[in-house]
Amino acid sequence: MDLTFTPQEEKFRSELRGWLDANIPAAWRDPSFWRSVSDDEGFELRRDWERRKHDAGFAGIAWPTEYGGRGGTPGMKAIYDEEMALAHAPQSANALGLTFLAPTVMAIGTDQQKRDIIGPMLRNEVIWCQGFSEPGAGSDLAALRTSGVLDGDEYVVNGQKIWTTNAMHGDKLFTLVRTEPGPGPGRQAEGGISPVGTNNDQSGALEAGTARRDPEARRSHGMHRGISMLLVDMRQPGVETRPLRQLSGASEFGEVFFTDARVKASECLGGVGNGWKTAMLLLSFERGASGISQYATYRRGYDEIVAAARRLGRDTDPTLRRELASRLVELECLRYHAMHVLTQVEQGRDLGSESSITKLQWSETYQKLFETFDHLLGLDGVVTSPVDGLDLASLQFEAFWTRSVTIWGGSSQVQRNIVAERVLGLPR
Amino acid sequence: MDLTFTPQEEKFRSELRGWLDANIPAAWRDPSFWRSVSDDEGFELRRDWERRKHDAGFAGIAWPTEYGGRGGTPGMKAIYDEEMALAHAPQSANALGLTFLAPTVMAIGTDQQKRDIIGPMLRNEVIWCQGFSEPGAGSDLAALRTSGVLDGDEYVVNGQKIWTTNAMHGDKLFTLVRTEPGPGPGRQAEGGISPVGTNNDQSGALEAGTARRDPEARRSHGMHRGISMLLVDMRQPGVETRPLRQLSGASEFGEVFFTDARVKASECLGGVGNGWKTAMLLLSFERGASGISQYATYRRGYDEIVAAARRLGRDTDPTLRRELASRLVELECLRYHAMHVLTQVEQGRDLGSESSITKLQWSETYQKLFETFDHLLGLDGVVTSPVDGLDLASLQFEAFWTRSVTIWGGSSQVQRNIVAERVLGLPR
Amino acid sequence: MYFALTDEQRALAETVRDFLADRFDLTAVRAVFEDTAGDGHPAELWKAFAEQGWLAVLVPEENDGMGLGLLDAQVLARAFGAGAVPGPWLPTVLVGEAVRLAGSPAQRAAVLGPLAAGELVATVALRAPGGSFDQSGVGVTADIDPGGTRLTGTASPVEYAGVARTAVVAAKEPDGGIGLYLVDPTSASVTVTALDTYDGTTRLGALTLDGAAGERLPESNAAVLAELSRRGAVLAAADLVGTARAALTRTIEYDKTRVQFGKAVGSFQFIKHTLADLHVGVLMAEHAALYAAHAVDAALPDAALAVAVAKAKANDAAERATGAMIQYHGGIGYTWEHEAHFFYKRAKRLVGTFGDAGEHLDRIAALSIDA
Amino acid sequence: MYFALTDEQRALAETVRDFLADRFDLTAVRAVFEDTAGDGHPAELWKAFAEQGWLAVLVPEENDGMGLGLLDAQVLARAFGAGAVPGPWLPTVLVGEAVRLAGSPAQRAAVLGPLAAGELVATVALRAPGGSFDQSGVGVTADIDPGGTRLTGTASPVEYAGVARTAVVAAKEPDGGIGLYLVDPTSASVTVTALDTYDGTTRLGALTLDGAAGERLPESNAAVLAELSRRGAVLAAADLVGTARAALTRTIEYDKTRVQFGKAVGSFQFIKHTLADLHVGVLMAEHAALYAAHAVDAALPDAALAVAVAKAKANDAAERATGAMIQYHGGIGYTWEHEAHFFYKRAKRLVGTFGDAGEHLDRIAALSIDA
């Protein structure tokens with residue numbers, strides 16, 4: 001057991017920390033800052049800040065240098081994730097592109113795709129969105145119905161995507177569409193249990209390996225045929241985006257409508273009809289995420305909750321203290337787990353379905369931490385106006401956000417299925 | 001809302017209480033008494049005591065007078081259940097016969113069966129056991145394999161039953177056997193998730209009504225054919241019984257082995273091949289049980305736990321106090337629920353699958369109460385010798401017992417299935 | 001033995017349900033919910049409440065009320081929870097209870113008649129920020145002044161402080177006791193500060209009193225405050241129970257029809273078992289609210305225990321059921337456009353109202369461990 | 001960054017597992033478990049432990065030990081938990097730790113060598129009934145007498161009090177401090193009372209001292225007691241983690257093959273999800289035990305927090321996993337003949353050993369809220 005980083009990694013940490021100290025405005029450390037500016041303004045601030053970060057050499061930390069990355073170690077990437085969280089850095093404007101699309105393009109993209117996509121993404125010249133979920137295809141991603149029909153050397157795309165992060169600010173969208181007709185009716189679904197964002201691994205539950213075992217999986221396997229991953233220019237008349245207001249009042253997500261949108265045939269990633277396989281590869285890049293960034297963020301949340309409780313004299317209640325302590329137990333376990341994952345990555349071990357465990361641990365812990373916030377603050381937590389300098393609005397806003405994290409990116413139910421079947425080997 | 005009993009019912013309560021005061025030896029109120037006598041001795045004490053109770057007119061409280069019952073109201077039966085618990089009366093030696101078999105015989109038995117069975121049972125001249133579960137047929141009762149083959153005017157029975165209460169002291173057994181061959185192989189099962197005792201309603205999940213809906217239920221439905229309920233004399237060479245030692249060290253249950261055991265054809269209840277239907281009718285008589293007896297018993301357990309904690313100075317820990325209080329919340333809800341059930345019974349309303357709710361509420365609450373006992377006593381609860389006059393052996397013994405109550409009589413998982421499908425109408 | 005609502009009470013529940021479906025459904029709720037600048041007190045709704053007698057339910061017949069009990073009132077509260085109904089019904093009714101329990105004949109005449117008729121919107125101001133719902137949580141002090149009693153201190157959050165024309169304020173008195181006072185929130189020595197809240201089915205404010213005049217309810221004392229808080233807890237519990245049941249029923253209906261992986265979501269066993277457990281929990285909370293209301297009405301010996309049990313259980317059931325409503329609607333339940341958040345946020349607020357779980361569990365522990 | 005066992009540590013774990021499978025499997029455990037009149041201390045097992053060096057693991061090389069760390073020792077503890085192994089390994093090893101941490105050179109020489117060689121069975125007696133595992137729980141008093149220190153009071157339950165030839169007893173000293181003393185439990189002024197317990201994988205006793213002679217460990221004080229308790233907590237946590245993992249693995253294997261309703265029980269979604277959650281919980285407990293052992297070895301700044309986290313998490317994981325082992329084996333898991341109760345009862349005992357959840361959560365709260 002050796003929990004230290006190499007001198008080279010520690011040197012990287014101190015360089016990064018120095019740059020962040022100098023480049024993150026003090027105002028950003030106030031939790032209410034990002035709610036005090038408009039969506040558009042906030043997005044531009046983030047885009048600009050990331051451009052500067054790129055110019056300073058802090059983009060693509062663990063990417064190969066040939067793609068403009070820094071060629072760093074997994075340890076450096078973990079340090080980067082942790083320091084960004086500690087410094088209150090805003091979430092990347094291009095998170096889904098950087099985490100998912102870029103490594104997929106590096107792995108299976110054409111030379112032209114590599115050239116066209118990776119550099120501009122790293123410099124934030126092109127902001128990428130993900131278009132996977134549909135109103136009738138949430139946890140059951142393969143039920144998607146958006147269609148792409150070849151017309152000369154272009155696909156004509158029609159349909160709807162939902163739960164698209166940054167939909168209002170995106171330039172391009174990597175999206176799954178049905179380029180051959182699906183297996184027909186019987187899948188008319190309304191409403192949506194819809195996973196979104198990162199860690200969208202749920203669909204892996206249907207991967208080919210398990211699909212042969214029983215009729216239901218075979219049926220689903222049939223659904224995977226004829227899907228392609230297209231790279232759609234969002235700045236065209238055939239693409240309309242709408243913000244999706246959430247119960248917190250914010251709109252991190254949006255909807256994307258395609259009406260005869262056009263995509264060049266060369267803008268298909270991984271080959272026509274291979275979309276499901278491409279998506280599985282793409283989602284597998286979540287596996288390297290250790291959870292250290294979540295730990296750093298939620299650990300700070302813990303302290304903020306304690307501070308608020310202290311202001312109301314609720315920090316001395318023995319039972320609430322133990323409830324808080326139980327949350328810290330889970331948070332610290334998340335940290336240990338992150339070190340475990342990082343070790344596996346550094347040793348080049350196959351992480352398999354470990355990301356489902358990481359997701360369960362962080363999302364359930366995060367949600368319960370804010371249930372404890374509710375219990376600690378009691379009736380006073382209902383007030384979101386500042387009272388005597390105590391402003392609970394940001395924490396309350398975050399509490400609502402935690403209700404979504406067990407739904408998107410593969411719901412807790414989907415993750416438990418994956419752990420049961422693929423980690424424990426329980427039968428379908 | 002009127003929670004009072006009628007004057008007639010209250011008069012019954014005071015008569016019963018007076019009789020119990022005079023007839024329950026003081027020694028029986030010591031929780032360790034029944035563990036201090038041998039199984040055989042204890043059983044004889046109980047049998048004798050019940051005979052006297054019968055002679056005093058306190059048997060078959062709500063049964064029709066034509067069958068030797070008292071013809072009382074549902075309220076009187078509830079009062080009886082409650083007073084027996086409050087008086088530390090031992091569990092009936094003939095509980096399964098009285099609760100299940102007798103009303104079934106009254107409903108569908110032949111005249112001779114009514115004559116032969118009901119009176120002797122009420123006077124405890126014949127102790128009845130239930131033989132439903134088998135090692136490979138627990139929650140899935142219909143998978144039973146014990147066979148009965150007609151030979152002249154007798155069935156020849158071979159096979160094994162398990163989880164039979166009072167197996168070592170029983171005189172006769174009502175049991176399910178396959179009198180026609182089952183649907184063949186594919187059901188070889190080992191070990192046992194095995195429901196036993198009262199409230200064996202789980203199998204109702206497979207009843208004919210739902211069985212038509214999907215292939216799995218249809219397959220199970222096929223399993224229900226060719227089963228008959230036989231009334232077996234246990235005092236014959238072809239029947240061997242063995243005690244089944246449980247993790248608490250006690251043997252409330254036993255195993256019953258049939259080797260060419262013989263049963264007269266007239267000792268078939270409900271008709272040959274109708275065994276499944278007969279069993280469903282039989283188990284439905286659980287529905288009238290309100291849970292008031294469990295409430296009275298566990299409420300006393302709560303006080304005993306509090307007293308033990310006080311002796312160790314653990315009753316002032318604020319968190320453990322709240323944990324205890326949470327248990328009392330559930331106990332009090334059980335009491336309210338019992339009043340609700342009793343009201344339904346008195347009004348002749350169909351209780352449907354309400355007994356699954358009653359079972360879930362009492363069994364889960366009972367088990368959690370003793371988890372709280374563990375938390376309260378901490379390391380000192382590990383000691384089962386008396387220390388300074390504090391004797392935790394009986395409570396510890398009961399704590400182990402609570403681990404079984406969520407398994408037998410339809411496991412909590414089976415009960416939740418029933419509630420989901422039959423109360424909430426969720427699809428199979 | 002009859003543990004159930006009477007036919008009349010059942011009919012009342014149905015009347016409210018039908019009324020809300022007809023005249024104030026979730027679309028109407030949404031309008032109030034989203035109009036955060038508005039007073040959250042739709043005049044038409046209030047007028048209808050008065051006409052239906054729903055403000056008069058606990059007012060004695062001699063004061064032009066219906067003279068019914070808490071069991072009847074909890075029927076209303078439960079229905080309002082199920083409909084996520086906004087408006088100052090609960091605080092107004094509780095002012096009526098305070099005056100009925102401790103007011104002089106003159107005060108009863110002055111307050112109860114108008115209150116029953118819908119002419120008086122009122123509220124209760126019993127605790128300071130961070131305080132509990134018993135006498136230790138009172139944050140206002142009463143000073144005896146030559147010109148009458150003067151009240152100083154803060155009560156917050158106070159429901160509908162902005163529209164109430166009378167407030168019942170709890171105050172610590174010089175002799176260490178507790179008194180309840182009628183206060184005019186619009187008077188110069190009272191500052192009403194509107195407070196934001198995430199729950200658009202109510203409006204909150206802080207009441208800051210700076211030597212405000214208060215008219216004492218002559219029979220009030222700490223025991224009356226406790227009784228008032230108990231009644232508040234029963235009605236809040238009933239509202240939570242209605243909220244929980246509505247959340248659960250809507251989730252079950254949705255999961256019966258929403259298809260994923262070729263099956264109804266509600267046929268997945270994990271979801272079935274979760275919903276089954278929730279049903280048992282909500283059912284027990286329903287029983288508990290019923291019993292508590294009856295126990296207070298009939299002054300049963302275990303009334304105090306029953307109220308604490310009901311509020312603790314209702315808190316738990318509502319927290320779980322409304323959280324599950326979001327989770328088991330999937331993404332759609334997390335949107336602003338869906339109604340899940342009305343129930344979720346209302347439950348989250350009411351869980352703290354008239355005592356959170358800790359407060360009631362401590363009470364249960366005291367009654368069952370120390371007694 | 002390397003958060004994992006070393007190859008050597010992994011090999012050690014495998015050695016123990018193989019040894020137990022070969023030489024002391026659950027049939028052997030059962031013989032000890034059921035022989036409640038026996039001393040619970042199979043001589044052959046102990047001899048093998050000595051030969052394998054498993055008693056020497058924490059003893060410094062200068063005292064003929066292996067001089068390894070808590071991380072290695074927790075490998076052993078975890079394996080013993082997984083095998084439900086009886087015997088006084090834990091209390092003996094902890095006596096070694098007490099002497100190593102606070103003993104004089106002469107005491108170290110006298111105790112550690114024999115202990116490492118398996119010639120000395122020893123135990124720790126640190127708390128009185130009802131007490132916690134810190135200085136406030138100590139129930140023995142030390143009086144300075146002309147003839148030497150005299151110890152009076154009770155410690156209970158003490159593991160293997162009946163076979164131990166040396167006990168380390170914690171005592172309150174006249175100056176208000178705490179000392180650790182070597183005591184001979186067979187001396188006339190010490191009464192050893194055998195205590196019954198449901199967990200046949202150990203034996204318990206009470207130690208009553210009536211002016212017993214005690215030889216002080218000269219460097220001992222309250223901080224050393226705390227350090228000793230932390231080390232005990234880490235090893236108890238590791239044992240619980242091994243117990244939990246064994247319980248879960250056995251349940252999963254059973255549920256893969258047990259068929260009901262024509263399907264493997266383990267294919268029912270509710271059971272799958274429950275087992276998946278248990279796996280995540282046990283995995284986190286494994287991480288936590290590893291980290292805590294390392295944190296103590298390396299004297300990391302968060303060592304105290306890490307130990308409390310590990311014991312609290314291991315308690316929870318083991319309680320759940322062993323309870324689930326009974327439930328998800330169905331009836332068979334409730335029988336005496338099945339091994340589920342070894343794990344269930346062992347976990348139930350160890351949950352209280354060196355601090356229950358409440359004690360550790362209070363410590364975590366103090367470190368994270370008050371700091």
# chains A, B, ... in the order shown; residues from 1 in each chain; ligands from 1
$ select_by_dssp --residues "segment 169-258 of chain D" --states "strand (DSSP E)" --output "list in words"
Val169, Ala170, Ala171, Lys172, Ile178, Gly179, Leu180, Tyr181, Leu182, Val183, Val190, Thr191, Val192, Thr193, Ala194, Leu195, Leu204, Gly205, Ala206, Leu207, Thr208, Leu209, Asp210, Gly211, Ala212, Ala213, Glu215 and Arg216 of chain D
$ interface_residues --of "chain B" --to "chain C" --cutoff "7 Å" --atoms "only C-alpha atoms" --output "list of chain:residue names"
B:Met1, B:Asp2, B:Leu3, B:Thr4, B:Phe5, B:Val306, B:Arg321, B:Arg322, B:Ala325, B:Ser326, B:Val329, B:Cys333, B:Tyr336, B:His337, B:Met339, B:His340, B:Thr343, B:Ile357, B:Arg416, B:Asn417, B:Val419, B:Ala420, B:Leu426, B:Pro427, B:Arg428
$ closest_residue --among "C:Leu207, C:Gly130, C:Glu227, C:Leu101" --to "Arg311 of chain A" --atoms "only C-alpha atoms"
C:Gly130
$ residues_around --residues "segment 384-401 of chain B" --least-positions-apart "5" --cutoff "9 Å" --atoms "only C-alpha atoms" --output "PyMOL selection string"
(chain B and resi 31-32+35+246-250+301+304-305+308+311-312+366-367+369-371+373-374) or (chain D and resi 194-198)
$ interface_residues --of "chain B" --to "chain A" --cutoff "9 Å" --atoms "only C-alpha atoms" --output "PDB file with C-alpha atoms, in the first residue's frame"
ATOM      1  CA  ASP B 317     -28.446   7.243  24.787  1.00  0.00           C
ATOM      2  CA  PRO B 318     -30.395   9.769  22.690  1.00  0.00           C
ATOM      3  CA  THR B 319     -29.978   7.943  19.401  1.00  0.00           C
ATOM      4  CA  LEU B 320     -30.936   4.565  20.788  1.00  0.00           C
ATOM      5  CA  ARG B 322     -35.080   7.432  18.991  1.00  0.00           C
TER       6      ARG B 322
END
$ residues_around --residues "Gly118 of chain D" --least-positions-apart "3" --cutoff "7 Å" --atoms "only C-alpha atoms" --output "ChimeraX atom specification"
/D:46-47,50,55,114-115
$ residues_around --residues "segment 43-56 of chain B" --least-positions-apart "4" --cutoff "8 Å" --atoms "only C-alpha atoms" --output "compact mmCIF listing (two decimals) with C-alpha atoms, in the first residue's frame"
# COMPACT_ATOMS: atom_id res chain seq x y z
CA ASP B 39 -40.04 -30.22 24.95
CA PRO B 90 -48.59 -20.50 26.05
CA GLN B 91 -49.15 -20.94 22.34
CA SER B 92 -51.93 -23.39 21.59
CA ALA B 93 -50.82 -26.99 21.15
CA LEU B 122 -61.29 -28.72 20.33
CA ARG B 123 -60.73 -30.97 23.33
CA ASN B 124 -57.09 -31.52 22.28
CA HIS B 169 -46.17 -34.38 19.32
$ residues_around --residues "segment 77-85 of chain B" --least-positions-apart "4" --cutoff "9 Å" --atoms "only C-alpha atoms" --output "list in words"
Glu9, Glu10, Phe12, Arg13, Leu16, Arg17, Leu20, Phe58, Gly60, Ile61, Ala62, Gly72, Thr73, Ala89, Pro90, Gln91, Ala289, Ser290, Gly291, Ile292, Ser293, Gln294, Tyr295, Ala296, Thr297, Ala338 and Leu342 of chain B
$ write_last_selection --atoms "N, CA and C atoms" --output "PDB file, in the first residue's frame"
ATOM      1  N   GLU B   9     -69.220  -7.982  25.137  1.00  0.00           N
ATOM      2  CA  GLU B   9     -67.820  -8.313  24.857  1.00  0.00           C
ATOM      3  C   GLU B   9     -66.944  -7.992  26.059  1.00  0.00           C
ATOM      4  N   GLU B  10     -67.228  -6.867  26.698  1.00  0.00           N
ATOM      5  CA  GLU B  10     -66.423  -6.497  27.863  1.00  0.00           C
ATOM      6  C   GLU B  10     -66.657  -7.457  29.023  1.00  0.00           C
ATOM      7  N   PHE B  12     -67.314 -10.599  28.603  1.00  0.00           N
ATOM      8  CA  PHE B  12     -66.517 -11.765  28.222  1.00  0.00           C
ATOM      9  C   PHE B  12     -65.053 -11.550  28.610  1.00  0.00           C
ATOM     10  N   ARG B  13     -64.533 -10.333  28.353  1.00  0.00           N
ATOM     11  CA  ARG B  13     -63.152 -10.047  28.691  1.00  0.00           C
ATOM     12  C   ARG B  13     -62.911 -10.240  30.184  1.00  0.00           C
ATOM     13  N   LEU B  16     -62.939 -13.921  31.119  1.00  0.00           N
ATOM     14  CA  LEU B  16     -61.744 -14.603  30.624  1.00  0.00           C
ATOM     15  C   LEU B  16     -60.535 -14.213  31.470  1.00  0.00           C
ATOM     16  N   ARG B  17     -60.435 -12.906  31.750  1.00  0.00           N
ATOM     17  CA  ARG B  17     -59.280 -12.438  32.511  1.00  0.00           C
ATOM     18  C   ARG B  17     -59.262 -13.056  33.903  1.00  0.00           C
ATOM     19  N   LEU B  20     -58.109 -16.610  33.561  1.00  0.00           N
ATOM     20  CA  LEU B  20     -56.681 -16.684  33.269  1.00  0.00           C
ATOM     21  C   LEU B  20     -55.858 -16.367  34.519  1.00  0.00           C
ATOM     22  N   PHE B  58     -63.608 -21.722  27.180  1.00  0.00           N
ATOM     23  CA  PHE B  58     -62.837 -20.736  26.424  1.00  0.00           C
ATOM     24  C   PHE B  58     -62.095 -21.354  25.231  1.00  0.00           C
ATOM     25  N   GLY B  60     -62.682 -22.332  20.948  1.00  0.00           N
ATOM     26  CA  GLY B  60     -63.549 -22.085  19.794  1.00  0.00           C
ATOM     27  C   GLY B  60     -64.419 -20.851  19.985  1.00  0.00           C
ATOM     28  N   ILE B  61     -63.808 -19.762  20.382  1.00  0.00           N
ATOM     29  CA  ILE B  61     -64.560 -18.556  20.784  1.00  0.00           C
ATOM     30  C   ILE B  61     -65.579 -18.122  19.727  1.00  0.00           C
ATOM     31  N   ALA B  62     -65.134 -18.001  18.481  1.00  0.00           N
ATOM     32  CA  ALA B  62     -66.041 -17.485  17.450  1.00  0.00           C
ATOM     33  C   ALA B  62     -66.635 -18.607  16.591  1.00  0.00           C
ATOM     34  N   GLY B  72     -69.148 -16.800  19.578  1.00  0.00           N
ATOM     35  CA  GLY B  72     -68.891 -15.396  19.931  1.00  0.00           C
ATOM     36  C   GLY B  72     -68.709 -14.502  18.717  1.00  0.00           C
ATOM     37  N   THR B  73     -68.560 -13.199  18.994  1.00  0.00           N
ATOM     38  CA  THR B  73     -68.370 -12.210  17.935  1.00  0.00           C
ATOM     39  C   THR B  73     -66.891 -12.129  17.556  1.00  0.00           C
ATOM     40  N   ALA B  89     -50.119 -16.563  28.252  1.00  0.00           N
ATOM     41  CA  ALA B  89     -50.586 -17.925  27.990  1.00  0.00           C
ATOM     42  C   ALA B  89     -49.685 -18.555  26.930  1.00  0.00           C
ATOM     43  N   PRO B  90     -49.422 -19.844  27.053  1.00  0.00           N
ATOM     44  CA  PRO B  90     -48.588 -20.496  26.051  1.00  0.00           C
ATOM     45  C   PRO B  90     -49.330 -20.607  24.725  1.00  0.00           C
ATOM     46  N   GLN B  91     -48.545 -20.765  23.665  1.00  0.00           N
ATOM     47  CA  GLN B  91     -49.148 -20.936  22.337  1.00  0.00           C
ATOM     48  C   GLN B  91     -49.969 -22.214  22.338  1.00  0.00           C
ATOM     49  N   ALA B 289     -57.158 -13.002  11.013  1.00  0.00           N
ATOM     50  CA  ALA B 289     -56.230 -12.668  12.096  1.00  0.00           C
ATOM     51  C   ALA B 289     -55.847 -11.201  12.004  1.00  0.00           C
ATOM     52  N   SER B 290     -56.018 -10.499  13.096  1.00  0.00           N
ATOM     53  CA  SER B 290     -55.857  -9.052  13.049  1.00  0.00           C
ATOM     54  C   SER B 290     -54.453  -8.597  13.378  1.00  0.00           C
ATOM     55  N   GLY B 291     -53.659  -9.429  14.046  1.00  0.00           N
ATOM     56  CA  GLY B 291     -52.347  -8.981  14.507  1.00  0.00           C
ATOM     57  C   GLY B 291     -52.379  -8.455  15.935  1.00  0.00           C
ATOM     58  N   ILE B 292     -53.546  -8.474  16.570  1.00  0.00           N
ATOM     59  CA  ILE B 292     -53.635  -7.908  17.926  1.00  0.00           C
ATOM     60  C   ILE B 292     -52.842  -8.753  18.918  1.00  0.00           C
ATOM     61  N   SER B 293     -52.815 -10.060  18.668  1.00  0.00           N
ATOM     62  CA  SER B 293     -52.057 -10.946  19.547  1.00  0.00           C
ATOM     63  C   SER B 293     -50.561 -10.633  19.440  1.00  0.00           C
ATOM     64  N   GLN B 294     -50.084 -10.448  18.210  1.00  0.00           N
ATOM     65  CA  GLN B 294     -48.688 -10.067  18.024  1.00  0.00           C
ATOM     66  C   GLN B 294     -48.409  -8.722  18.695  1.00  0.00           C
ATOM     67  N   TYR B 295     -49.317  -7.775  18.509  1.00  0.00           N
ATOM     68  CA  TYR B 295     -49.090  -6.471  19.134  1.00  0.00           C
ATOM     69  C   TYR B 295     -48.903  -6.615  20.641  1.00  0.00           C
ATOM     70  N   ALA B 296     -49.823  -7.315  21.271  1.00  0.00           N
ATOM     71  CA  ALA B 296     -49.765  -7.427  22.734  1.00  0.00           C
ATOM     72  C   ALA B 296     -48.456  -8.094  23.171  1.00  0.00           C
ATOM     73  N   THR B 297     -48.030  -9.094  22.423  1.00  0.00           N
ATOM     74  CA  THR B 297     -46.803  -9.806  22.782  1.00  0.00           C
ATOM     75  C   THR B 297     -45.573  -8.936  22.568  1.00  0.00           C
ATOM     76  N   ALA B 338     -54.746  -3.565  13.428  1.00  0.00           N
ATOM     77  CA  ALA B 338     -55.570  -4.659  13.966  1.00  0.00           C
ATOM     78  C   ALA B 338     -57.008  -4.188  14.158  1.00  0.00           C
ATOM     79  N   LEU B 342     -60.213  -5.773  12.321  1.00  0.00           N
ATOM     80  CA  LEU B 342     -61.352  -6.244  13.107  1.00  0.00           C
ATOM     81  C   LEU B 342     -62.644  -5.570  12.639  1.00  0.00           C
TER      82      LEU B 342
END
$ atom_distance --atom1 "atom CA of Glu97 of chain D" --atom2 "atom CA of Leu112 of chain D"
9.0 Å
$ residues_around --residues "Asp30 of chain A" --least-positions-apart "4" --cutoff "9 Å" --atoms "only C-alpha atoms" --output "list in words"
Ala26, Trp34 and His88 of chain A
$ closest_residue --among "C:Asp175, C:Glu215, C:Glu319, C:Asp302" --to "Ala237 of chain C" --atoms "only C-alpha atoms"
C:Glu319
$ atom_distance --atom1 "atom CA of Val190 of chain C" --atom2 "atom CA of Glu159 of chain C"
15.6 Å
$ decode --residues "segment 397-406 of chain A" --atoms "N, CA, C and O atoms" --output "short mmCIF file (atom, residue, chain, number, x, y, z; two decimals), in the first residue's frame"
data_model
loop_
_atom_site.label_atom_id
_atom_site.label_comp_id
_atom_site.auth_asym_id
_atom_site.auth_seq_id
_atom_site.Cartn_x
_atom_site.Cartn_y
_atom_site.Cartn_z
N PHE A 397 -30.93 24.20 -3.56
CA PHE A 397 -30.87 23.97 -4.99
C PHE A 397 -30.14 22.66 -5.27
O PHE A 397 -30.58 21.81 -6.06
N GLU A 398 -29.03 22.47 -4.55
CA GLU A 398 -28.24 21.25 -4.73
C GLU A 398 -29.03 20.02 -4.25
O GLU A 398 -28.96 18.96 -4.85
N ALA A 399 -29.80 20.21 -3.17
CA ALA A 399 -30.62 19.10 -2.66
C ALA A 399 -31.58 18.61 -3.74
O ALA A 399 -31.76 17.40 -3.94
N PHE A 400 -32.18 19.53 -4.48
CA PHE A 400 -33.09 19.11 -5.55
C PHE A 400 -32.32 18.39 -6.65
O PHE A 400 -32.78 17.39 -7.19
N TRP A 401 -31.15 18.90 -6.97
CA TRP A 401 -30.32 18.28 -8.01
C TRP A 401 -30.04 16.81 -7.67
O TRP A 401 -30.05 15.94 -8.55
N THR A 402 -29.82 16.54 -6.37
CA THR A 402 -29.48 15.16 -5.99
C THR A 402 -30.62 14.18 -6.29
O THR A 402 -30.38 12.97 -6.34
N ARG A 403 -31.84 14.68 -6.48
CA ARG A 403 -32.93 13.75 -6.82
C ARG A 403 -32.77 13.21 -8.23
O ARG A 403 -33.41 12.23 -8.60
N SER A 404 -31.97 13.89 -9.05
CA SER A 404 -31.82 13.43 -10.44
C SER A 404 -30.68 12.44 -10.61
O SER A 404 -30.68 11.66 -11.57
N VAL A 405 -29.72 12.45 -9.69
CA VAL A 405 -28.49 11.69 -9.97
C VAL A 405 -28.69 10.18 -9.89
O VAL A 405 -27.86 9.42 -10.39
N THR A 406 -29.77 9.76 -9.25
CA THR A 406 -30.05 8.32 -9.21
C THR A 406 -30.91 7.89 -10.41
O THR A 406 -31.30 6.74 -10.50
#
